[in-house]
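Asker: Here it is, the structure, as structure tokens.
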Amino acid sequence: MKAVKVKVDDFFARCRLAAFDARAIGALNRQESEYLALAAKDLTVTSAEIAGFPLAQIAAGKALPLVDGVNPAWGRRARDLPIRCRQAAARR
């Protein structure tokens, strides 16, 4: 759960930076050259390289998607996030 929290915090920090200055959006979403480097390899959706990319596309004021548009390395964990949050709240 801690890794997901870090990734969610990163997503919202990136979106806030995009809202501050739209010129940053391209860099915050990663460059095409980084995708080209990945495309030349044999990939699995759980690879560390893919997991290092943003949780979802970055845009000013964007809501966090939990199903469609989520980085595939984080898909299952993003879908499980609402359930895990409810479980954590119930334990308190």
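Ordering of the structure tokens sets the chain letters (A, B, ...), residue numbers begin anew at 1 in every chain, and ligands are numbered from 1 in the order given.
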Apply DSSP to the structure's backbone, then extract all residues of chain A labelled helix (DSSP H, G or I) and return them as a count of residues only.

Answerer: 58

Asker: Name the residues in contact with Ala22 of chain A at a cut-off of 12 Å, using only C-alpha atoms, excluding same-chain residues fewer than 5 positions from it; report them as a PyMOL selection string.

Answerer: chain A and resi 14-17+27-29+58-61

Asker: Take the residues that were just selected and, keeping N, CA, C and O atoms, output them as a CSV table (one decimal), in the first residue's frame.

Answerer:
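Done, and the output landed in part_9.csv:
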chain,number,residue,atom,x,y,z
A,14,ARG,N,2.6,15.9,-9.9
A,14,ARG,CA,2.8,16.2,-11.3
A,14,ARG,C,1.6,17.0,-11.9
A,14,ARG,O,1.8,18.0,-12.7
A,15,CYS,N,0.4,16.7,-11.5
A,15,CYS,CA,-0.8,17.4,-12.0
A,15,CYS,C,-0.8,18.8,-11.5
A,15,CYS,O,-1.1,19.8,-12.2
A,16,ARG,N,-0.4,19.0,-10.3
A,16,ARG,CA,-0.3,20.4,-9.7
A,16,ARG,C,0.8,21.2,-10.4
A,16,ARG,O,0.6,22.4,-10.7
A,17,LEU,N,1.9,20.6,-10.8
A,17,LEU,CA,3.0,21.3,-11.5
A,17,LEU,C,2.5,21.6,-12.9
A,17,LEU,O,2.7,22.7,-13.4
A,27,ALA,N,7.2,17.0,-20.4
A,27,ALA,CA,8.2,16.4,-19.6
A,27,ALA,C,7.7,15.6,-18.5
A,27,ALA,O,8.2,14.5,-18.1
A,28,LEU,N,6.6,16.0,-17.9
A,28,LEU,CA,6.0,15.3,-16.8
A,28,LEU,C,5.4,13.9,-17.2
A,28,LEU,O,5.3,13.0,-16.4
A,29,ASN,N,5.0,13.8,-18.5
A,29,ASN,CA,4.4,12.6,-19.0
A,29,ASN,C,5.4,11.7,-19.6
A,29,ASN,O,5.1,10.6,-20.0
A,58,ILE,N,-0.6,12.9,-17.3
A,58,ILE,CA,-0.6,14.1,-16.5
A,58,ILE,C,-1.3,15.2,-17.2
A,58,ILE,O,-1.0,15.4,-18.4
A,59,ALA,N,-2.2,15.9,-16.5
A,59,ALA,CA,-2.9,17.1,-17.0
A,59,ALA,C,-3.3,17.9,-15.8
A,59,ALA,O,-3.5,17.4,-14.7
A,60,ALA,N,-3.4,19.2,-16.0
A,60,ALA,CA,-3.8,20.1,-15.0
A,60,ALA,C,-5.2,19.7,-14.5
A,60,ALA,O,-6.1,19.6,-15.3
A,61,GLY,N,-5.3,19.6,-13.2
A,61,GLY,CA,-6.6,19.3,-12.6
A,61,GLY,C,-7.2,17.9,-12.9
A,61,GLY,O,-8.4,17.7,-12.6

Asker: In Å to one decimal, how far is atom CA of Leu36 of chain A from atom CA of Pro72 of chain A?

Answerer: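 So the answer is 16.8 Å.
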
Asker: Can you tell me how far atom CA of Ala73 of chain A sits from atom CA of Glu49 of chain A, in Å to one decimal?

Answerer: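 These atoms are spaced 9.1 Å apart.
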
Asker: Using only C-alpha atoms, which residue out of A:Leu55, A:Val67, A:Ile25, A:Ala48 lies closest to Arg79 of chain A?

Answerer: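 For Arg79 of chain A, the nearest of the given residues is A:Val67.
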
Asker: Which of these residues is nearest to Ala56 of chain A, using only C-alpha atoms: A:Arg30, A:Arg92, A:Lys41, A:Lys2?

Answerer: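 With only C-alpha atoms as the atom set, the closest residue is A:Arg30.
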
Asker: Can you pull out every residue within 12 Å of Pro82 of chain A, counting only C-alpha atoms, but drop anything in the same chain fewer than 2 positions away, and send it as a PyMOL selection string?

Answerer: chain A and resi 1+4+64-67+76-80+84-89

Asker: Taking into account only C-alpha atoms, which residue in the set A:Ala40, A:Leu81, A:Ala18, A:Ala24 is nearest to Ala3 of chain A?

Answerer: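 Smallest distance to Ala3 of chain A is found for A:Leu81.
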
Asker: Have a look at atom CA of Gly75 of chain A and atom CA of Ile50 of chain A and let me know their distance in Å, one decimal.

Answerer: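 Spanning atom CA of Gly75 of chain A to atom CA of Ile50 of chain A is a straight-line distance of 11.4 Å.
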